[in-house]
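Peer 1: Input file: work.txt. Contents: compact mmCIF, C-alpha atoms.
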# COMPACT_ATOMS: atom_id res chain seq x y z
CA MET A 1 50.98 -7.48 -38.67
CA ASN A 2 49.44 -7.66 -35.23
CA GLY A 3 48.02 -11.17 -35.42
CA ALA A 4 44.40 -12.18 -35.57
CA ASP A 5 42.76 -8.81 -35.02
CA SER A 6 39.79 -7.20 -36.73
CA LEU A 7 42.06 -5.74 -39.40
CA GLU A 8 42.93 -9.29 -40.46
CA SER A 9 39.23 -10.15 -40.67
CA LEU A 10 38.68 -7.07 -42.84
CA LYS A 11 41.46 -8.15 -45.20
CA THR A 12 39.90 -11.60 -45.49
CA LEU A 13 36.48 -10.15 -46.30
CA LEU A 14 37.82 -7.65 -48.85
CA ALA A 15 39.78 -10.43 -50.57
CA LYS A 16 36.43 -12.07 -51.38
CA LEU A 17 35.44 -9.19 -53.66
CA PRO A 18 35.89 -9.76 -57.39
CA GLY A 19 39.30 -8.76 -58.74
CA VAL A 20 40.74 -8.19 -55.27
CA GLY A 21 43.76 -10.32 -54.38
CA ARG A 22 45.13 -10.90 -50.92
CA ARG A 23 47.68 -8.11 -51.29
CA SER A 24 45.32 -5.43 -52.57
CA ALA A 25 42.87 -6.42 -49.83
CA ALA A 26 45.59 -5.88 -47.21
CA ARG A 27 46.46 -2.50 -48.69
CA MET A 28 42.82 -1.43 -48.86
CA ALA A 29 42.12 -2.55 -45.28
CA VAL A 30 45.09 -0.75 -43.73
CA HIS A 31 44.35 2.34 -45.77
CA ALA A 32 40.69 2.40 -44.71
CA ALA A 33 41.61 1.85 -41.07
CA SER A 34 44.33 4.48 -40.97
CA ARG A 35 42.49 7.39 -42.58
CA ARG A 36 41.72 10.09 -40.07
CA ASP A 37 38.94 11.81 -42.04
CA GLY A 38 35.94 9.73 -40.96
CA TYR A 39 36.19 7.46 -43.99
CA LEU A 40 35.53 4.29 -42.00
CA ARG A 41 32.35 5.74 -40.46
CA GLN A 42 31.12 6.89 -43.89
CA LEU A 43 31.78 3.43 -45.33
CA ILE A 44 29.83 1.74 -42.51
CA THR A 45 26.91 4.14 -42.93
CA VAL A 46 26.75 3.62 -46.69
CA LEU A 47 26.99 -0.18 -46.36
CA GLU A 48 24.08 -0.08 -43.92
CA GLN A 49 22.09 1.99 -46.42
CA VAL A 50 22.89 -0.50 -49.16
CA GLU A 51 21.83 -3.36 -46.90
CA ARG A 52 18.54 -1.58 -46.18
CA GLU A 53 17.73 -0.11 -49.58
CA MET A 54 19.10 -2.34 -52.31
CA VAL A 55 17.53 -5.56 -53.57
CA ALA A 56 17.85 -7.75 -56.62
CA CYS A 57 15.34 -6.73 -59.29
CA SER A 58 12.48 -9.24 -59.29
CA GLN A 59 12.90 -9.72 -63.03
CA CYS A 60 16.48 -9.31 -64.23
CA GLY A 61 18.33 -9.68 -60.93
CA ALA A 62 20.20 -6.37 -61.22
CA MET A 63 20.65 -4.38 -58.03
CA THR A 64 17.91 -1.80 -57.57
CA THR A 65 16.24 0.10 -54.73
CA VAL A 66 13.43 -1.63 -52.82
CA ASP A 67 10.89 0.87 -54.15
CA ARG A 68 11.94 0.32 -57.74
CA THR A 69 11.53 -3.33 -58.69
CA PRO A 70 11.26 -4.28 -61.52
CA CYS A 71 14.24 -2.00 -62.13
CA ARG A 72 14.60 0.83 -64.62
CA LEU A 73 16.17 -1.41 -67.23
CA CYS A 74 13.24 -3.83 -67.05
CA ILE A 75 10.53 -1.16 -67.40
CA ASP A 76 12.28 1.20 -69.84
CA PRO A 77 9.82 1.29 -72.81
CA ARG A 78 12.64 2.17 -75.25
CA ARG A 79 14.34 -1.17 -74.72
CA ASP A 80 13.71 -4.18 -76.92
CA ASP A 81 11.56 -6.83 -75.23
CA ARG A 82 12.32 -9.37 -77.93
CA MET A 83 15.90 -9.87 -76.86
CA VAL A 84 17.16 -11.12 -73.48
CA CYS A 85 20.83 -11.06 -72.54
CA VAL A 86 21.78 -13.68 -69.93
CA VAL A 87 24.75 -12.83 -67.68
CA GLU A 88 26.27 -14.59 -64.70
CA ASP A 89 26.35 -11.80 -62.14
CA PRO A 90 24.43 -8.54 -61.66
CA GLU A 91 27.69 -6.62 -62.04
CA ASP A 92 28.01 -7.96 -65.60
CA ILE A 93 24.87 -5.98 -66.50
CA GLU A 94 26.73 -2.77 -65.65
CA ILE A 95 29.63 -3.80 -67.86
CA MET A 96 27.29 -4.33 -70.81
CA GLU A 97 25.49 -1.04 -70.09
CA ARG A 98 28.72 0.94 -69.87
CA ALA A 99 29.68 -0.28 -73.33
CA GLY A 100 26.28 0.92 -74.55
CA VAL A 101 26.12 -1.70 -77.29
CA TYR A 102 22.96 -3.55 -76.27
CA ARG A 103 19.36 -2.33 -76.06
CA GLY A 104 17.42 -5.43 -75.02
CA ARG A 105 16.52 -6.81 -71.59
CA TYR A 106 18.75 -8.63 -69.12
CA PHE A 107 18.64 -11.74 -67.00
CA ALA A 108 21.30 -12.37 -64.33
CA LEU A 109 21.75 -15.95 -63.15
CA GLY A 110 23.50 -14.99 -59.93
CA GLY A 111 26.36 -17.38 -60.64
CA LYS A 112 27.07 -20.38 -62.78
CA LEU A 113 26.46 -24.11 -62.54
CA ALA A 114 29.24 -25.97 -60.79
CA PRO A 115 28.88 -29.75 -61.13
CA THR A 116 30.42 -30.32 -57.71
CA ARG A 117 28.37 -27.66 -55.91
CA GLY A 118 25.14 -28.16 -57.88
CA ASP A 119 23.96 -24.62 -57.32
CA GLN A 120 20.19 -24.78 -56.62
CA ALA A 121 19.75 -20.99 -56.83
CA VAL A 122 21.21 -20.89 -60.34
CA LEU A 123 19.12 -23.86 -61.43
CA ALA A 124 16.02 -22.06 -60.14
CA ARG A 125 17.01 -18.95 -62.14
CA VAL A 126 17.38 -21.03 -65.32
CA GLN A 127 13.85 -22.37 -64.70
CA GLN A 128 12.57 -18.79 -64.36
CA LEU A 129 14.30 -17.91 -67.62
CA THR A 130 12.74 -20.88 -69.39
CA ALA A 131 9.30 -19.92 -68.06
CA ARG A 132 9.77 -16.37 -69.31
CA ILE A 133 10.75 -17.53 -72.78
CA ARG A 134 7.88 -20.04 -72.85
CA ALA A 135 5.48 -17.17 -72.06
CA GLY A 136 6.41 -15.77 -75.49
CA GLY A 137 7.45 -12.42 -76.94
CA VAL A 138 11.21 -13.10 -76.92
CA ASP A 139 12.95 -13.83 -80.25
CA GLU A 140 16.52 -14.19 -79.09
CA VAL A 141 18.44 -15.13 -75.96
CA LEU A 142 22.04 -13.86 -75.99
CA LEU A 143 24.27 -15.84 -73.65
CA ALA A 144 26.86 -13.37 -72.37
CA LEU A 145 28.56 -15.68 -69.89
CA ASN A 146 32.24 -15.75 -69.07
CA SER A 147 34.67 -18.02 -70.80
CA ASP A 148 35.72 -20.92 -68.59
CA VAL A 149 34.71 -24.55 -68.19
CA GLU A 150 31.87 -23.97 -65.70
CA SER A 151 30.51 -20.99 -67.62
CA ASP A 152 30.57 -22.99 -70.85
CA ALA A 153 28.73 -25.85 -69.11
CA THR A 154 26.15 -23.37 -67.81
CA ALA A 155 25.65 -21.91 -71.30
CA HIS A 156 25.31 -25.43 -72.71
CA TYR A 157 22.72 -26.34 -70.07
CA ILE A 158 20.67 -23.19 -70.75
CA ALA A 159 20.81 -23.76 -74.53
CA GLU A 160 19.55 -27.31 -73.91
CA GLN A 161 16.68 -26.10 -71.72
CA LEU A 162 15.63 -23.58 -74.35
CA GLY A 163 16.11 -26.13 -77.14
CA GLY A 164 12.49 -26.99 -77.80
CA LEU A 165 11.22 -23.41 -77.63
CA ALA A 166 10.69 -20.95 -80.48
CA VAL A 167 13.67 -18.77 -79.62
CA ARG A 168 17.08 -18.17 -81.18
CA VAL A 169 19.97 -18.78 -78.77
CA SER A 170 23.22 -16.91 -79.45
CA ARG A 171 26.41 -16.20 -77.57
CA LEU A 172 29.08 -13.48 -77.61
CA ALA A 173 31.72 -13.84 -80.33
CA ARG A 174 35.19 -15.00 -79.38
CA GLY A 175 38.17 -13.32 -80.98
CA ILE A 176 41.10 -11.00 -80.57
CA PRO A 177 40.27 -8.11 -78.19
CA ALA A 178 40.51 -4.66 -79.76
CA GLY A 179 43.84 -3.02 -78.93
CA SER A 180 45.48 -6.40 -78.39
CA GLY A 181 47.61 -8.53 -80.68
CA LEU A 182 48.14 -12.10 -81.78
CA ALA A 183 50.99 -12.50 -79.33
CA TYR A 184 48.57 -12.32 -76.39
CA ALA A 185 45.92 -14.65 -77.77
CA ASP A 186 45.75 -18.25 -76.56
CA PRO A 187 45.21 -21.05 -79.13
CA VAL A 188 41.49 -21.48 -78.32
CA THR A 189 40.80 -17.78 -78.90
CA LEU A 190 42.89 -17.76 -82.05
CA GLU A 191 41.12 -20.82 -83.40
CA ALA A 192 37.74 -19.11 -82.81
CA ALA A 193 39.02 -15.89 -84.38
CA VAL A 194 40.05 -17.74 -87.54
CA ARG A 195 36.95 -19.90 -87.75
CA HIS A 196 34.57 -16.96 -87.32
CA ARG A 197 36.64 -14.48 -89.37
CA THR A 198 34.63 -11.61 -90.82
CA ALA A 199 34.79 -9.99 -94.27
CA TYR A 200 37.16 -7.04 -94.46
CA MET B 1 22.37 1.99 -62.98
CA ASN B 2 19.51 3.18 -60.83
CA GLY B 3 20.67 6.74 -60.31
CA ALA B 4 21.89 8.37 -57.12
CA ASP B 5 21.19 5.56 -54.68
CA SER B 6 23.29 4.17 -51.85
CA LEU B 7 25.00 1.76 -54.24
CA GLU B 8 26.42 4.76 -56.10
CA SER B 9 27.71 6.21 -52.82
CA LEU B 10 29.35 2.86 -52.04
CA LYS B 11 31.09 2.85 -55.44
CA THR B 12 32.39 6.37 -54.80
CA LEU B 13 33.76 5.40 -51.38
CA LEU B 14 35.39 2.20 -52.61
CA ALA B 15 37.03 4.11 -55.47
CA LYS B 16 38.93 6.10 -52.82
CA LEU B 17 40.84 3.01 -51.71
CA PRO B 18 44.37 2.62 -53.05
CA GLY B 19 44.62 0.76 -56.35
CA VAL B 20 40.85 0.74 -56.87
CA GLY B 21 39.64 2.44 -60.03
CA ARG B 22 36.10 3.54 -60.76
CA ARG B 23 35.32 0.31 -62.62
CA SER B 24 36.65 -2.11 -60.03
CA ALA B 25 34.83 -0.10 -57.35
CA ALA B 26 31.56 -0.52 -59.26
CA ARG B 27 32.14 -4.25 -59.64
CA MET B 28 33.04 -4.64 -55.97
CA ALA B 29 30.00 -2.64 -54.80
CA VAL B 30 27.47 -4.55 -56.89
CA HIS B 31 29.04 -7.84 -55.91
CA ALA B 32 28.95 -6.99 -52.19
CA ALA B 33 25.35 -5.80 -52.43
CA SER B 34 24.10 -8.80 -54.38
CA ARG B 35 25.57 -11.62 -52.31
CA ARG B 36 22.93 -13.49 -50.43
CA ASP B 37 25.16 -15.09 -47.82
CA GLY B 38 25.27 -12.31 -45.22
CA TYR B 39 28.49 -10.86 -46.60
CA LEU B 40 27.33 -7.25 -46.28
CA ARG B 41 26.41 -7.71 -42.61
CA GLN B 42 29.77 -9.39 -41.89
CA LEU B 43 31.59 -6.53 -43.60
CA ILE B 44 29.71 -3.91 -41.55
CA THR B 45 30.41 -5.78 -38.30
CA VAL B 46 34.12 -6.11 -39.07
CA LEU B 47 34.43 -2.44 -40.08
CA GLU B 48 32.83 -1.46 -36.77
CA GLN B 49 35.33 -3.66 -34.95
CA VAL B 50 38.19 -2.05 -36.85
CA GLU B 51 36.82 1.39 -36.01
CA ARG B 52 36.64 0.45 -32.33
CA GLU B 53 39.81 -1.62 -31.93
CA MET B 54 42.49 -0.34 -34.30
CA VAL B 55 44.65 2.72 -33.78
CA ALA B 56 47.87 4.06 -35.22
CA CYS B 57 50.87 2.90 -33.19
CA SER B 58 52.04 5.81 -31.04
CA GLN B 59 55.58 5.33 -32.34
CA CYS B 60 55.73 4.02 -35.90
CA GLY B 61 52.19 4.83 -37.03
CA ALA B 62 51.39 1.26 -38.14
CA MET B 63 47.88 0.02 -37.45
CA THR B 64 47.67 -1.86 -34.16
CA THR B 65 45.06 -2.74 -31.55
CA VAL B 66 44.26 -0.13 -28.86
CA ASP B 67 45.71 -2.40 -26.15
CA ARG B 68 48.96 -2.89 -28.03
CA THR B 69 50.62 0.46 -28.67
CA PRO B 70 53.57 0.76 -29.21
CA CYS B 71 52.98 -2.08 -31.65
CA ARG B 72 54.72 -5.44 -31.90
CA LEU B 73 57.21 -4.17 -34.45
CA CYS B 74 58.23 -1.30 -32.16
CA ILE B 75 58.75 -3.45 -29.04
CA ASP B 76 60.19 -6.59 -30.69
CA PRO B 77 63.61 -6.94 -28.98
CA ARG B 78 65.04 -8.85 -31.97
CA ARG B 79 64.73 -5.82 -34.24
CA ASP B 80 67.54 -3.36 -34.79
CA ASP B 81 66.97 -0.05 -32.98
CA ARG B 82 69.81 1.62 -34.84
CA MET B 83 67.96 1.72 -38.15
CA VAL B 84 64.67 3.48 -38.91
CA CYS B 85 62.83 3.00 -42.18
CA VAL B 86 60.59 5.94 -43.13
CA VAL B 87 57.54 5.14 -45.28
CA GLU B 88 54.65 7.25 -46.50
CA ASP B 89 51.67 5.15 -45.41
CA PRO B 90 51.12 2.49 -42.74
CA GLU B 91 50.28 -0.01 -45.50
CA ASP B 92 53.83 0.38 -46.84
CA ILE B 93 55.13 -1.15 -43.60
CA GLU B 94 53.24 -4.36 -44.46
CA ILE B 95 54.79 -4.40 -47.92
CA MET B 96 58.29 -4.17 -46.43
CA GLU B 97 57.47 -6.83 -43.83
CA ARG B 98 56.06 -9.25 -46.40
CA ALA B 99 59.33 -9.06 -48.32
CA GLY B 100 61.13 -9.88 -45.06
CA VAL B 101 64.27 -7.99 -46.08
CA TYR B 102 64.43 -5.43 -43.29
CA ARG B 103 64.94 -5.93 -39.55
CA GLY B 104 65.02 -2.38 -38.17
CA ARG B 105 62.24 -0.10 -36.91
CA TYR B 106 59.66 1.83 -38.93
CA PHE B 107 58.24 5.31 -39.07
CA ALA B 108 55.15 6.08 -41.19
CA LEU B 109 54.56 9.70 -42.17
CA GLY B 110 50.88 9.22 -42.93
CA GLY B 111 51.27 10.83 -46.34
CA LYS B 112 53.70 13.08 -48.14
CA LEU B 113 54.26 16.80 -48.35
CA ALA B 114 52.24 18.49 -51.05
CA PRO B 115 53.33 22.11 -51.63
CA THR B 116 49.79 23.17 -52.47
CA ARG B 117 48.14 21.40 -49.54
CA GLY B 118 50.92 22.00 -47.00
CA ASP B 119 50.05 18.94 -44.96
CA GLN B 120 50.39 19.92 -41.28
CA ALA B 121 50.01 16.32 -40.06
CA VAL B 122 52.95 15.15 -42.18
CA LEU B 123 55.08 18.12 -41.08
CA ALA B 124 54.31 17.23 -37.45
CA ARG B 125 55.38 13.63 -38.12
CA VAL B 126 58.68 14.81 -39.61
CA GLN B 127 59.25 16.85 -36.43
CA GLN B 128 58.59 13.73 -34.33
CA LEU B 129 61.07 11.83 -36.47
CA THR B 130 63.70 14.54 -36.03
CA ALA B 131 63.14 14.53 -32.26
CA ARG B 132 63.54 10.75 -32.16
CA ILE B 133 66.82 10.89 -34.10
CA ARG B 134 68.07 13.77 -31.94
CA ALA B 135 67.41 11.62 -28.85
CA GLY B 136 70.18 9.34 -30.14
CA GLY B 137 70.66 5.62 -30.69
CA VAL B 138 69.84 5.62 -34.41
CA ASP B 139 72.66 5.24 -36.93
CA GLU B 140 70.72 5.23 -40.17
CA VAL B 141 67.43 6.51 -41.55
CA LEU B 142 66.33 4.67 -44.70
CA LEU B 143 63.87 6.72 -46.77
CA ALA B 144 61.55 4.19 -48.41
CA LEU B 145 59.18 6.68 -50.01
CA ASN B 146 57.48 6.28 -53.35
CA SER B 147 58.91 7.64 -56.55
CA ASP B 148 57.07 10.74 -57.72
CA VAL B 149 57.60 14.49 -57.50
CA GLU B 150 55.86 15.00 -54.13
CA SER B 151 57.49 11.92 -52.58
CA ASP B 152 60.91 13.10 -53.79
CA ALA B 153 60.25 16.55 -52.31
CA THR B 154 59.23 14.94 -49.02
CA ALA B 155 62.39 12.81 -48.96
CA HIS B 156 64.46 15.91 -49.72
CA TYR B 157 62.79 17.86 -46.91
CA ILE B 158 63.39 15.04 -44.39
CA ALA B 159 67.04 14.69 -45.46
CA GLU B 160 67.42 18.44 -44.92
CA GLN B 161 65.86 18.31 -41.45
CA LEU B 162 68.18 15.46 -40.45
CA GLY B 163 71.15 17.16 -42.07
CA GLY B 164 72.88 18.48 -38.95
CA LEU B 165 72.37 15.30 -36.92
CA ALA B 166 74.75 12.38 -36.46
CA VAL B 167 72.78 9.97 -38.61
CA ARG B 168 73.29 8.44 -42.06
CA VAL B 169 70.36 9.07 -44.42
CA SER B 170 69.85 6.56 -47.25
CA ARG B 171 67.11 5.75 -49.72
CA LEU B 172 65.97 2.67 -51.65
CA ALA B 173 67.96 1.91 -54.81
CA ARG B 174 66.39 2.63 -58.16
CA GLY B 175 66.81 0.10 -60.95
CA ILE B 176 65.21 -2.53 -63.12
CA PRO B 177 62.63 -4.59 -61.18
CA ALA B 178 63.42 -8.30 -60.97
CA GLY B 179 61.48 -10.24 -63.58
CA SER B 180 61.13 -7.17 -65.77
CA GLY B 181 63.14 -6.06 -68.77
CA LEU B 182 64.71 -3.00 -70.34
CA ALA B 183 61.72 -2.51 -72.60
CA TYR B 184 59.54 -1.55 -69.62
CA ALA B 185 62.01 0.80 -67.92
CA ASP B 186 61.60 4.56 -68.30
CA PRO B 187 64.70 6.70 -68.99
CA VAL B 188 64.99 7.95 -65.38
CA THR B 189 65.00 4.40 -64.01
CA LEU B 190 67.43 3.27 -66.68
CA GLU B 191 69.76 6.16 -65.97
CA ALA B 192 69.77 5.26 -62.26
CA ALA B 193 70.29 1.56 -63.08
CA VAL B 194 73.36 2.41 -65.16
CA ARG B 195 74.79 4.94 -62.74
CA HIS B 196 74.42 2.63 -59.73
CA ARG B 197 75.35 -0.56 -61.59
CA THR B 198 76.70 -3.34 -59.39
CA ALA B 199 79.62 -5.75 -59.93
CA TYR B 200 78.60 -9.02 -61.58
Would you mind giving the structure from this file in structure tokens?
Peer 2:
Amino acid sequence: MNGADSLESLKTLLAKLPGVGRRSAARMAVHAASRRDGYLRQLITVLEQVEREMVACSQCGAMTTVDRTPCRLCIDPRRDDRMVCVVEDPEDIEIMERAGVYRGRYFALGGKLAPTRGDQAVLARVQQLTARIRAGGVDEVLLALNSDVESDATAHYIAEQLGGLAVRVSRLARGIPAGSGLAYADPVTLEAAVRHRTAY
Amino acid sequence: MNGADSLESLKTLLAKLPGVGRRSAARMAVHAASRRDGYLRQLITVLEQVEREMVACSQCGAMTTVDRTPCRLCIDPRRDDRMVCVVEDPEDIEIMERAGVYRGRYFALGGKLAPTRGDQAVLARVQQLTARIRAGGVDEVLLALNSDVESDATAHYIAEQLGGLAVRVSRLARGIPAGSGLAYADPVTLEAAVRHRTAY
């Protein structure tokens, strides 16, 4: 409201976070700035701690503390080494873990391949994945990428790279989300739901 | 995922922002921590600037820079001094401004009255509001508070305080939101929409 001040910069930065639109960012920024209980100071302190203490796990890419890499998920002996779940971003690992439906290892790409950007970091991660599979001991790679054109292209590229190796490549099923109905499903989803229908 | 580290503290802090649930906070925190483009450092720098530069406007309570209080909205000569819009939080002022449907002055309470907490800061703000109205020059106070029990109680308390003064007290209309339908309206809203129906 008061032009190009630091509050505007804060809104811009917050709007870059996933799931945060311009309006929520504005609301969050003004709220954070106007609290009189030391919230802003706490937030700065914690962000500095995160900057100092957290790193990407050397294996899966999940966020972990500097003194704990490979991370807990990578060294947990109860998890299945023979299965690797590939996700786009580290935060996707938390989503899978919260659901508690997967007991294998993870591998975060740190993004997806964008033909126009040609993301070198993601390409390097795919090479690391290929090397890991080539080293043996993994039976299945589950591609748990998102569902858009670039994600599909990334999945396709990974499947191609793993093509010659002795590993099964799978991907998450598409279908009607639980608790939702036909009315909310787009044709592509519906087509997949029919094609891959399961026995009742 | 890695226990009680700084990333967990960041999630907890982000979850305190308005409209941010525990899950979005987790996603935002991991995303911020895992970016490799200096985002975290930028965010810290901007938050420090905000902490240093932004204050609540001495009159309306909106966020403004330290060198600009009263804020632009309070000193803008094109705005109508005879009308004061009372909101709960400074961020509500931005919501009103974005809609561009109001040209008077503002007054943010910085919260609402909660019987169990007995918020002294909000009570003090109501006293400041009463003093401002008593000083004269204001014809109408528009209560643009939220719609829940505590907000209603706060509106009621303010209306009571202003009761003896020569000022009209109004509040935002209740009704069916534009673009929405009857199916999504609760009985209270619907009752208000019928009672305050307008000529076609």
Peer 1: Might you pull out every residue within 8 Å of Ala29 in chain A, with all atoms listed in the file counted and same-chain residues fewer than 2 positions away left off, and present them as number ranges by chain?
Peer 2: A: 7, 10-11, 14, 25-27, 31-33
Peer 1: Rounded to one decimal, what separation in Å do you get between CA of Leu40 in chain B and CA of Leu47 in chain A?
Peer 2: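 Interatomic distance here is 7.1 Å.
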Peer 1: May I ask you to extract the residues of chain B within 8 Å of chain A, using only C-alpha atoms, and to give them as a VMD selection string?
Peer 2: chain B and resid 1 to 2 5 to 7 9 to 10 13 17 to 19 24 26 to 28 30 to 34 40 to 41 43 to 44 46 to 51 53 to 56 63 to 65 71 to 72 89 to 91 94
Peer 1: Kindly indicate which residue among A:Gln59, A:Asp81, A:Thr130, A:Leu190 lies nearest to Gln161 in chain A, using only C-alpha atoms for the distances.
Peer 2: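 For Gln161 in chain A, the nearest of the given residues is A:Thr130.
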Peer 1: What gap, in Å, lies between CA of Leu129 in chain A and CA of Ala192 in chain A?
Peer 2: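 For CA of Leu129 in chain A relative to CA of Ala192 in chain A, the distance reads 28.0 Å.
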Peer 1: What does the distance from CA of Ala135 in chain A to CA of Ile158 in chain A come to in Å, to one decimal?
Peer 2: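 We find that CA of Ala135 in chain A and CA of Ile158 in chain A lie 16.4 Å from each other.
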Peer 1: Tell me which of B:Glu160, B:Glu88, B:Met83, B:Ala114 sits closest to Tyr102 in chain B, counting only C-alpha atoms.
Peer 2: B:Met83
Peer 1: Using all atoms listed in the file for the distances, tell me which of A:Arg174, A:Arg117, A:Arg78, A:Arg125 is nearest to Gly104 in chain A.
Peer 2: A:Arg78
Peer 1: Please tell me which residues are no farther than 12 Å from (13.2, -4.8, -74.5) in the file, counting all atoms listed in the file, and write them as a PyMOL selection string.
Peer 2: chain A and resi 60+72-85+102-107+137-141
Peer 1: Let me have the centre and edge lengths in Å, one decimal, of the box along x, y and z around every listed atom of range 163-172 of chain B with 5 Å of margin on each side, as lines of an AutoDock Vina configuration file.
Peer 2:
center_x = 70.4
center_y = 10.6
center_z = -44.1
size_x = 18.8
size_y = 25.8
size_z = 25.2
Peer 1: Of the residues A:Ile133, A:Ala108, A:Gly163, A:Ala199, which is the one nearest to Ala121 in chain A, using only C-alpha atoms?
Peer 2: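 Between A:Ile133, A:Ala108, A:Gly163, A:Ala199, the residue approaching Ala121 in chain A most closely is A:Ala108.
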Peer 1: Within 9 Å of (55.4, 20.5, -54.6), all atoms listed in the file: residues as a PyMOL selection string?
Peer 2: chain B and resi 113-118+149-150+153-154
Peer 1: Which neighbours of Val194 in chain B fall inside 12 Å, counting all atoms listed in the file, when residues of the same chain fewer than 5 positions from it are skipped, and could you give them as a PyMOL selection string?
Peer 2: chain B and resi 173-176+182+185+187-189+199
Peer 1: Between A:Cys57, A:Ala131, A:Leu142, A:Asp148, which residue has the minimum interatomic distance to Lys112 in chain A, considering all atoms listed in the file?
Peer 2: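 Closest candidate: A:Asp148.
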Peer 1: Taking 6 positions as the minimum chain separation for residues in the same chain, which residues sit within 9 Å of Leu143 in chain B when counting all atoms listed in the file? Answer as a list in words.
Peer 2: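 Counting all atoms listed in the file, the residues come to Val84, Cys85, Val86, Val87, Ala155, Ile158, Ala159, Val169, Ser170, Arg171 and Leu172 of chain B.
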Peer 1: Let's have the selection written as a PDB file, in the coordinates of the input, with C-alpha atoms.
Peer 2:
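This went into selection-v3.pdb:
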ATOM      1  CA  VAL B  84      64.670   3.480 -38.910  1.00  0.00           C
ATOM      2  CA  CYS B  85      62.830   3.000 -42.180  1.00  0.00           C
ATOM      3  CA  VAL B  86      60.590   5.940 -43.130  1.00  0.00           C
ATOM      4  CA  VAL B  87      57.540   5.140 -45.280  1.00  0.00           C
ATOM      5  CA  ALA B 155      62.390  12.810 -48.960  1.00  0.00           C
ATOM      6  CA  ILE B 158      63.390  15.040 -44.390  1.00  0.00           C
ATOM      7  CA  ALA B 159      67.040  14.690 -45.460  1.00  0.00           C
ATOM      8  CA  VAL B 169      70.360   9.070 -44.420  1.00  0.00           C
ATOM      9  CA  SER B 170      69.850   6.560 -47.250  1.00  0.00           C
ATOM     10  CA  ARG B 171      67.110   5.750 -49.720  1.00  0.00           C
ATOM     11  CA  LEU B 172      65.970   2.670 -51.650  1.00  0.00           C
TER      12      LEU B 172
END
Peer 1: Have a look at A:Pro70, A:Asp186, A:Val126, A:Pro177 and name the one nearest to His156 in chain A; count only C-alpha atoms.
Peer 2: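 Ranking A:Pro70, A:Asp186, A:Val126, A:Pro177 by distance to His156 in chain A, first place goes to A:Val126.
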